[in-house]
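Structure file query-v5.cif; described as mmCIF, C-alpha atoms.
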```
data_input
#
loop_
_atom_site.label_atom_id
_atom_site.label_comp_id
_atom_site.auth_asym_id
_atom_site.auth_seq_id
_atom_site.Cartn_x
_atom_site.Cartn_y
_atom_site.Cartn_z
CA SER A 118 0.00 0.00 0.00
CA ASP A 119 1.09 3.60 -0.57
CA ARG A 120 2.96 5.13 2.30
CA ARG A 121 5.97 7.06 3.53
CA HIS A 122 7.90 6.09 6.62
CA ARG A 123 9.36 8.06 9.49
CA ASP A 124 10.31 6.84 12.91
CA GLY A 125 11.28 8.14 16.29
CA GLY A 126 10.91 5.55 19.02
CA ALA A 127 8.73 4.59 21.95
CA THR A 128 9.04 6.12 25.39
CA ARG A 129 12.68 5.23 26.08
CA ALA A 130 13.86 5.56 22.49
CA ILE A 131 11.98 8.61 21.20
CA ARG A 132 15.15 10.52 20.47
CA GLU A 133 17.36 7.70 19.26
CA ASP A 134 19.92 8.16 16.53
CA ARG A 135 18.20 8.53 13.14
CA THR A 136 20.43 5.93 11.54
CA CYS A 137 19.21 3.33 14.00
CA ALA A 138 15.67 4.62 13.61
CA MET A 139 15.76 4.05 9.87
CA ALA A 140 16.72 0.44 10.38
CA ARG A 141 13.79 -0.03 12.78
CA ARG A 142 11.09 1.62 10.70
CA GLY A 143 11.10 -0.69 7.75
CA LYS A 144 13.85 0.77 5.59
CA PRO A 145 16.21 -1.81 4.12
CA ASP A 146 19.87 -0.91 3.76
CA TRP A 147 19.40 0.53 0.30
CA GLU A 148 23.02 1.64 -0.12
CA ALA A 149 24.29 -1.85 0.58
CA LEU A 150 21.70 -3.30 -1.77
CA LEU A 151 22.79 -0.86 -4.44
CA ARG A 152 26.44 -1.75 -4.04
CA TRP A 153 25.57 -5.44 -4.14
CA SER A 154 23.41 -5.19 -7.26
CA SER A 155 25.87 -2.88 -9.05
CA LYS A 156 28.43 -5.66 -9.19
CA TYR A 157 26.11 -7.47 -11.57
CA ALA A 158 24.87 -4.43 -13.49
CA ASP A 159 28.36 -3.20 -14.44
CA GLY A 160 29.51 -6.58 -15.71
CA THR A 161 32.19 -7.09 -13.09
CA SER A 162 30.34 -10.11 -11.71
CA SER A 163 28.21 -12.81 -13.23
CA ALA A 164 24.48 -12.77 -12.56
CA LYS A 165 23.93 -16.31 -13.73
CA GLU A 166 23.59 -17.80 -10.26
CA TRP A 167 23.14 -16.47 -6.76
CA SER A 168 24.99 -18.10 -3.97
CA GLU A 169 23.07 -19.24 -0.93
CA THR A 170 24.83 -16.50 1.03
CA ASP A 171 23.58 -13.87 -1.39
CA ARG A 172 20.03 -15.14 -1.13
CA GLU A 173 20.13 -15.18 2.66
CA TRP A 174 21.58 -11.69 2.76
CA LEU A 175 18.92 -10.32 0.43
CA GLU A 176 16.11 -11.88 2.45
CA SER A 177 17.65 -10.53 5.63
CA ALA A 178 17.89 -7.01 4.19
CA PHE A 179 14.13 -6.94 3.75
CA GLN A 180 12.72 -9.22 6.43
CA GLN A 181 14.82 -8.19 9.41
CA ASN A 182 14.03 -4.53 8.84
CA MET A 183 10.30 -4.88 8.35
CA VAL A 184 8.10 -3.51 11.09
CA ASP A 185 4.52 -4.22 12.02
CA GLU A 186 3.02 -0.84 11.22
CA VAL A 187 -0.18 -1.44 13.15
CA GLN A 188 1.88 -2.35 16.21
CA ARG A 189 3.97 0.75 15.65
CA MET A 190 0.81 2.85 15.60
CA LYS A 191 -0.22 1.30 18.92
CA GLU A 192 3.15 2.20 20.42
CA ILE A 193 2.87 5.79 19.19
CA ALA A 194 -0.67 6.11 20.53
CA TYR A 195 0.49 4.80 23.90
CA VAL A 196 3.25 7.41 24.19
CA LEU A 197 1.02 10.23 22.91
CA GLU A 198 -1.51 9.45 25.62
CA LEU A 199 1.04 9.84 28.43
CA GLU A 200 0.50 13.10 30.28
CA ASP A 201 3.66 13.25 32.38
CA PRO A 202 7.15 13.25 30.82
CA PRO A 203 9.16 10.04 31.35
CA GLU A 204 12.14 10.18 33.66
CA GLY A 205 14.94 12.19 32.10
CA TYR A 206 12.67 14.36 29.94
CA THR A 207 11.70 17.96 30.48
CA GLU A 208 8.19 19.04 29.56
CA GLU A 209 9.52 20.81 26.46
CA GLN A 210 11.50 17.76 25.33
CA PHE A 211 8.48 15.53 25.75
CA VAL A 212 6.28 17.89 23.70
CA ASP A 213 8.92 17.89 20.94
CA ALA A 214 9.09 14.10 21.07
CA LYS A 215 5.31 13.83 20.79
CA ALA A 216 5.36 16.20 17.82
CA GLU A 217 7.86 13.93 16.07
CA LEU A 218 5.68 10.91 16.79
CA LEU A 219 2.67 12.71 15.35
CA GLU A 220 4.67 13.34 12.22
CA GLU A 221 5.48 9.66 12.03
CA MET A 222 1.85 8.75 12.61
CA GLN A 223 0.83 11.06 9.80
CA ASP A 224 3.22 9.27 7.45
CA LEU A 225 1.85 5.90 8.52
CA VAL A 226 -1.80 6.82 7.93
CA GLU A 227 -1.05 7.88 4.38
CA SER A 228 -1.57 4.18 3.78
CA LEU A 229 -5.32 3.62 3.47
CA ASP A 230 -5.00 0.34 5.36
CA ASN A 231 -3.25 2.02 8.26
CA ALA A 232 -5.75 4.89 8.23
CA LYS A 233 -8.58 2.41 8.64
CA ASP A 234 -6.76 0.91 11.64
CA LEU A 235 -6.20 4.26 13.36
CA LYS A 236 -9.36 4.04 15.46
CA GLY A 237 -8.78 0.39 16.36
CA VAL A 238 -5.32 1.04 17.82
CA GLY A 239 -6.61 3.90 19.97
CA GLY A 240 -5.02 6.60 17.87
CA PHE A 241 -8.21 8.45 17.06
CA ASP A 242 -9.18 9.00 20.70
CA VAL A 243 -5.68 10.26 21.48
CA LEU A 244 -5.78 12.69 18.57
CA MET A 245 -9.11 14.05 19.74
CA LYS A 246 -7.58 14.80 23.14
CA LEU A 247 -4.47 16.39 21.62
CA MET A 248 -6.55 18.77 19.51
CA GLN A 249 -7.82 20.19 22.81
CA CYS A 250 -4.48 20.36 24.63
CA ASN A 251 -2.66 23.57 25.55
CA GLN A 252 0.32 22.88 23.26
CA GLU A 253 -0.22 24.52 19.87
CA LYS A 254 2.40 22.31 18.24
CA LEU A 255 0.44 19.21 19.23
CA ARG A 256 -2.97 20.65 18.39
CA CYS A 257 -2.04 21.47 14.82
CA ARG A 258 -0.16 18.22 14.18
CA ALA A 259 -2.99 16.14 15.59
CA ALA A 260 -5.33 17.91 13.16
CA GLU A 261 -2.95 17.05 10.32
CA VAL A 262 -3.05 13.37 11.22
CA ILE A 263 -6.85 13.44 11.27
CA ALA A 264 -6.85 15.19 7.88
CA THR A 265 -4.50 12.65 6.31
CA SER A 266 -6.37 9.66 7.71
CA VAL A 267 -9.82 10.70 6.44
CA GLN A 268 -8.90 12.18 3.08
CA ASN A 269 -10.59 10.24 0.26
CA ASN A 270 -11.36 7.49 2.79
CA PRO A 271 -15.13 7.09 3.35
CA GLN A 272 -14.70 4.43 6.04
CA ALA A 273 -12.43 6.69 8.08
CA GLN A 274 -14.69 9.68 7.39
CA GLU A 275 -17.59 7.70 8.83
CA TRP A 276 -15.97 6.76 12.14
CA ALA A 277 -14.36 10.17 12.48
CA LEU A 278 -17.73 11.87 12.04
CA GLN A 279 -19.40 9.48 14.48
CA GLY A 280 -16.59 10.09 16.96
CA GLY A 281 -17.12 13.84 17.04
CA ALA A 282 -14.15 14.85 14.93
CA LEU A 283 -16.09 17.46 12.96
CA GLN A 284 -17.05 19.44 16.05
CA GLN A 285 -13.45 19.24 17.24
CA VAL A 286 -11.86 20.50 14.05
CA LEU A 287 -14.49 23.21 13.73
CA GLN A 288 -13.35 24.45 17.13
CA LEU A 289 -9.83 24.71 15.76
CA LEU A 290 -11.09 27.26 13.23
CA GLU A 291 -11.44 29.60 16.21
CA ASP A 292 -8.04 28.76 17.70
CA PRO A 293 -6.00 31.80 18.78
CA VAL A 294 -2.96 30.46 16.89
CA ALA A 295 -2.96 30.97 13.12
CA ILE A 296 -1.23 27.70 12.20
CA CYS A 297 -3.80 25.76 14.24
CA ARG A 298 -6.62 27.50 12.36
CA THR A 299 -4.95 26.60 9.06
CA LYS A 300 -4.58 22.93 10.02
CA GLY A 301 -8.12 22.93 11.34
CA MET A 302 -9.30 24.16 7.94
CA LEU A 303 -7.32 21.37 6.29
CA ALA A 304 -8.96 18.78 8.54
CA VAL A 305 -12.44 20.21 7.89
CA SER A 306 -11.87 20.02 4.15
CA CYS A 307 -10.60 16.43 4.21
CA LEU A 308 -13.40 15.26 6.50
CA VAL A 309 -16.27 16.93 4.65
CA ARG A 310 -15.39 16.76 0.96
CA GLY A 311 -16.86 13.83 -0.91
CA TYR A 312 -18.84 12.54 2.07
CA LYS A 313 -22.50 13.58 2.22
CA PRO A 314 -23.18 12.91 5.93
CA ALA A 315 -20.20 15.07 6.92
CA ARG A 316 -21.24 17.81 4.49
CA GLU A 317 -24.73 17.89 6.01
CA ALA A 318 -23.31 17.88 9.54
CA PHE A 319 -20.98 20.73 8.57
CA ARG A 320 -23.95 22.84 7.49
CA HIS A 321 -26.01 21.94 10.57
CA ASN A 322 -23.09 22.86 12.84
CA LYS A 323 -22.96 26.34 11.28
CA GLY A 324 -19.81 25.49 9.40
CA TYR A 325 -20.32 28.20 6.78
CA GLU A 326 -20.72 30.83 9.47
CA LYS A 327 -17.48 29.65 11.05
CA LEU A 328 -15.72 29.92 7.67
CA LEU A 329 -16.97 33.48 7.29
CA LYS A 330 -15.57 34.34 10.69
CA LEU A 331 -12.31 32.55 9.89
CA LEU A 332 -11.96 34.51 6.66
CA GLU A 333 -12.39 37.75 8.57
CA VAL A 334 -9.72 36.93 11.17
CA SER A 335 -7.27 35.53 8.59
CA GLN A 336 -6.23 38.82 7.04
CA GLY A 337 -2.82 38.26 5.45
CA ASP A 338 -3.01 34.49 5.97
CA ILE A 339 -3.09 33.55 2.29
CA ARG A 340 -2.82 29.80 2.89
CA THR A 341 -5.97 29.71 4.98
CA GLN A 342 -7.84 32.04 2.63
CA ARG A 343 -6.96 29.86 -0.37
CA LYS A 344 -8.07 26.73 1.51
CA ILE A 345 -11.44 28.31 2.27
CA ALA A 346 -12.01 29.32 -1.36
CA ARG A 347 -11.05 25.90 -2.72
CA PHE A 348 -13.12 24.13 -0.10
CA LEU A 349 -16.24 26.14 -0.96
CA ALA A 350 -15.77 25.50 -4.68
CA ALA A 351 -15.39 21.76 -4.02
CA ILE A 352 -18.49 21.69 -1.80
CA VAL A 353 -20.62 23.26 -4.53
CA MET A 354 -19.26 20.78 -7.06
CA ASP A 355 -20.18 17.95 -4.67
CA GLU A 356 -23.65 19.34 -4.02
CA PRO A 357 -24.80 22.37 -6.09
CA SER A 358 -27.62 23.21 -3.67
CA GLU A 359 -25.00 24.30 -1.12
CA ALA A 360 -24.37 27.39 -3.28
CA ARG A 361 -27.50 29.06 -1.91
CA GLU A 362 -26.26 28.72 1.67
CA ILE A 363 -22.89 30.14 0.69
CA SER A 364 -24.45 33.05 -1.19
CA ALA A 365 -26.87 33.87 1.62
CA LEU A 366 -23.94 34.56 3.95
CA GLY A 367 -22.29 36.91 1.45
CA LEU A 368 -19.21 34.73 1.00
CA PRO A 369 -18.95 35.31 -2.77
CA GLU A 370 -18.72 39.07 -2.24
CA LYS A 371 -15.91 38.51 0.25
CA PHE A 372 -13.86 36.69 -2.38
CA GLU A 373 -14.42 39.33 -5.05
CA TRP A 374 -11.91 41.40 -3.09
CA PHE A 375 -9.21 38.83 -3.89
CA LEU A 376 -9.48 39.13 -7.67
CA ASP A 377 -6.69 41.71 -7.83
CA HIS A 378 -4.59 40.13 -5.08
CA GLU A 379 -0.84 39.96 -5.67
CA ASP A 380 -0.86 36.19 -5.11
CA GLY A 381 -1.80 34.40 -8.35
CA GLU A 382 -2.97 31.22 -6.64
CA MET A 383 -5.25 33.28 -4.42
CA ARG A 384 -6.78 35.00 -7.47
CA GLU A 385 -7.39 31.62 -9.14
CA ALA A 386 -8.90 30.13 -5.97
CA ALA A 387 -11.28 33.09 -5.66
CA LEU A 388 -12.28 32.85 -9.33
CA GLY A 389 -12.88 29.12 -8.98
CA MET A 390 -15.13 29.68 -6.00
CA LEU A 391 -17.12 32.43 -7.77
CA LEU A 392 -17.55 30.32 -10.88
CA ALA A 393 -18.80 27.36 -8.85
CA VAL A 394 -21.39 29.48 -7.02
CA TYR A 395 -22.58 31.65 -9.92
CA ASN A 396 -22.83 28.67 -12.25
CA THR A 397 -25.35 27.22 -9.80
CA ASP A 398 -27.13 30.03 -7.95
CA THR A 399 -29.09 32.16 -10.43
CA LYS A 400 -30.22 34.62 -7.78
CA ALA A 401 -26.64 35.27 -6.66
CA LEU A 402 -25.55 35.61 -10.28
CA ASN A 403 -28.19 38.24 -10.99
CA GLN A 404 -27.10 40.19 -7.93
CA ALA A 405 -23.47 39.96 -9.07
CA LYS A 406 -24.42 41.50 -12.43
CA GLU A 407 -25.50 44.64 -10.57
CA SER A 408 -22.40 44.76 -8.37
CA THR A 409 -18.90 46.02 -9.01
CA LEU A 410 -17.77 42.55 -10.11
CA PRO A 411 -18.04 43.17 -13.90
CA ALA A 412 -15.87 46.27 -13.57
CA VAL A 413 -13.32 44.48 -11.39
CA LEU A 414 -13.02 41.69 -13.95
CA GLU A 415 -12.63 44.17 -16.78
CA VAL A 416 -9.80 45.96 -14.99
CA ARG A 417 -8.02 42.69 -14.30
CA GLU A 418 -8.42 41.49 -17.88
CA LYS A 419 -6.96 44.73 -19.23
CA ALA A 420 -4.01 44.31 -16.88
CA ILE A 421 -3.44 40.79 -18.21
CA ARG A 422 -3.65 41.93 -21.83
CA ALA A 423 -1.03 44.58 -21.08
CA LEU A 424 1.49 41.97 -19.95
CA ASP A 425 4.30 40.86 -22.26
CA LYS A 426 3.90 37.43 -23.80
CA GLU A 427 6.12 35.64 -21.29
CA ASP A 428 4.29 37.04 -18.27
CA GLU A 429 0.90 36.51 -19.87
CA GLU A 430 1.62 32.80 -20.21
CA THR A 431 1.89 32.55 -16.41
CA VAL A 432 -1.75 33.68 -15.98
CA LEU A 433 -3.43 31.71 -18.77
CA ASP A 434 -5.65 29.76 -16.37
CA GLU A 435 -6.65 32.90 -14.53
CA HIS A 436 -7.47 34.65 -17.81
CA ALA A 437 -9.60 31.71 -18.93
CA MET A 438 -11.59 31.78 -15.69
CA ILE A 439 -12.12 35.54 -15.99
CA LYS A 440 -13.55 34.98 -19.47
CA GLN A 441 -15.87 32.27 -18.16
CA LEU A 442 -17.10 34.51 -15.37
CA GLN A 443 -17.61 37.44 -17.74
CA THR A 444 -19.66 35.16 -20.00
CA LEU A 445 -21.86 34.20 -17.07
CA LEU A 446 -22.38 37.83 -16.10
CA LEU A 447 -23.36 38.71 -19.67
CA ASN A 448 -25.87 35.87 -19.57
CA GLU A 449 -24.41 34.31 -22.68
CA ALA A 450 -24.00 30.61 -23.28
CA PRO A 451 -20.47 29.66 -22.21
#
```
Translate this file's structure into structure tokens.
Amino acid sequence: SDRRHRDGGATRAIREDRTCAMARRGKPDWEALLRWSSKYADGTSSAKEWSETDREWLESAFQQNMVDEVQRMKEIAYVLELEDPPEGYTEEQFVDAKAELLEEMQDLVESLDNAKDLKGVGGFDVLMKLMQCNQEKLRCRAAEVIATSVQNNPQAQEWALQGGALQQVLQLLEDPVAICRTKGMLAVSCLVRGYKPAREAFRHNKGYEKLLKLLEVSQGDIRTQRKIARFLAAIVMDEPSEAREISALGLPEKFEWFLDHEDGEMREAALGMLLAVYNTDTKALNQAKESTLPAVLEVREKAIRALDKEDEETVLDEHAMIKQLQTLLLNEAP
């Protein structure tokens, strides 16, 4: 299954030497394998027959270094649940060690199989607690693990929703620390997108209102603002009827302000969100026709046309979306 590996260690070996850690986390000795196989690739040795020693060594290189990933997840969950630092650790060192273990857990749950096992090994309950702890480093990394485990994984989305994860990550959208809000937005997106029960629960838990508030407190936080725009566009693509809820809160008008932003990805994200909503919500589209949006688009298009050819090529997608939106506003068939 698809995955990346990192390792730290359990309680007594959290900060062990990384070379030893690599050997424990399922990484064969690739350099030795390469040296061994190169003898045959460069013609200096015959590849006709392998000696019994060679066979045993090759099996050892893979088998001895393999780890039981589910067991490893259990070990990580056990350490993450500890409240008091082990002997020899300061509070700060233990928080750093837990952060490293969360990073490893995130890598492990990139495997769909491991993600499905996260709840069974006790990892989900631990993550829920960490998202409420007073350490911002742990709150945001716990949210990242949740996001990775549920992304494009309906089974994990189901148990995460049933376990109260949506309410927890929605609370992170109001976190006083910007990075925690950003990771909370990531987790919301991964949990809700493509999964109808979570989308409905998001709406019922005033998720759109929370996004509006998040947008207002995220001035200058381009990453979070882009995530919000892309999330809203994806939601409307999943379920067009959601566009009316989004329009009713005035969210499209908020994103019109980003159409002349200096960040190109932000401009594209805002255009994508507006296209998704106005392609679906006729009432909102008619209101947009009477707003300043047509003039804003015209100014931006003139600015693009004034660019030299090399620079213009960098905004081709943006220009295409502007044309699509202008066509909608003129009520012409796209």
Fill in: Evaluate the PyMOL selection byres ((chain A and resi 252-266) around 8) and report residues as a PyMOL selection string
chain A and resi 212+215-216+219-220+222-223+226-227+229+232-233+235+241+244-245+247-251+267-268+270+273+286+294+296-298+300-301+303-308
Worksheet entry | Residue IDs satisfying the PyMOL selection byres ((chain A and resi 323-328) around 10), as a VMD selection string | chain A and resid 283 to 284 287 to 288 290 to 291 302 305 316 to 322 329 to 334 342 345 to 346 349 359 362 to 363 366 368
Discussion item. Restricting the calculation to all atoms listed in the file: of A:Ser228, A:Val413, A:Gln404, A:Gly389, which residue gets closest to Ala437 of chain A?
Written reply: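 Ranking A:Ser228, A:Val413, A:Gln404, A:Gly389 by distance to Ala437 of chain A, first place goes to A:Gly389.
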Practice prompt. Quote the spacing between atom CA of Leu402 of chain A and atom CA of Ser364 of chain A in Å to one decimal place.
Written response: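 Spanning atom CA of Leu402 of chain A to atom CA of Ser364 of chain A is a straight-line distance of 9.5 Å.
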Discussion item. I'd like to see the residues matched by the PyMOL selection byres ((chain A and resi 441) around 12) on this file, and ideally I'd get them as a list in words.
Written reply: Leu388, Gly389, Leu391, Leu392, Ala393, Tyr395, Asn396, Pro411, Leu414, Glu418, Asp434, Glu435, His436, Ala437, Met438, Ile439, Lys440, Leu442, Gln443, Thr444, Leu445, Leu446, Leu447, Asn448, Glu449, Ala450 and Pro451 of chain A
Discussion item. What's the separation between atom CA of Glu275 of chain A and atom CA of Met390 of chain A, in Å to one decimal place?
Written reply: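 Answer for the atom CA of Glu275 of chain A to atom CA of Met390 of chain A separation: 26.6 Å.
From atom CA of Met354 of chain A back to atom CA of Pro369 of chain A, the distance works out to 15.2 Å.
Among the candidate residues A:Asp242, A:Glu356, A:Glu209, A:Asp292, the one lying nearest to Gly280 of chain A is A:Asp242, with distances computed using all atoms listed in the file.
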Worksheet item: With distances taken over all atoms listed in the file, which of A:Val187, A:Leu410, A:Leu424, A:Val309 is nearest to Ile352 of chain A?
Response: A:Val309
Worksheet item: Which one is closest to Asp224 of chain A: A:Leu199, A:Ala360, A:Met190, A:Leu376? Count only C-alpha atoms.
Response: A:Met190
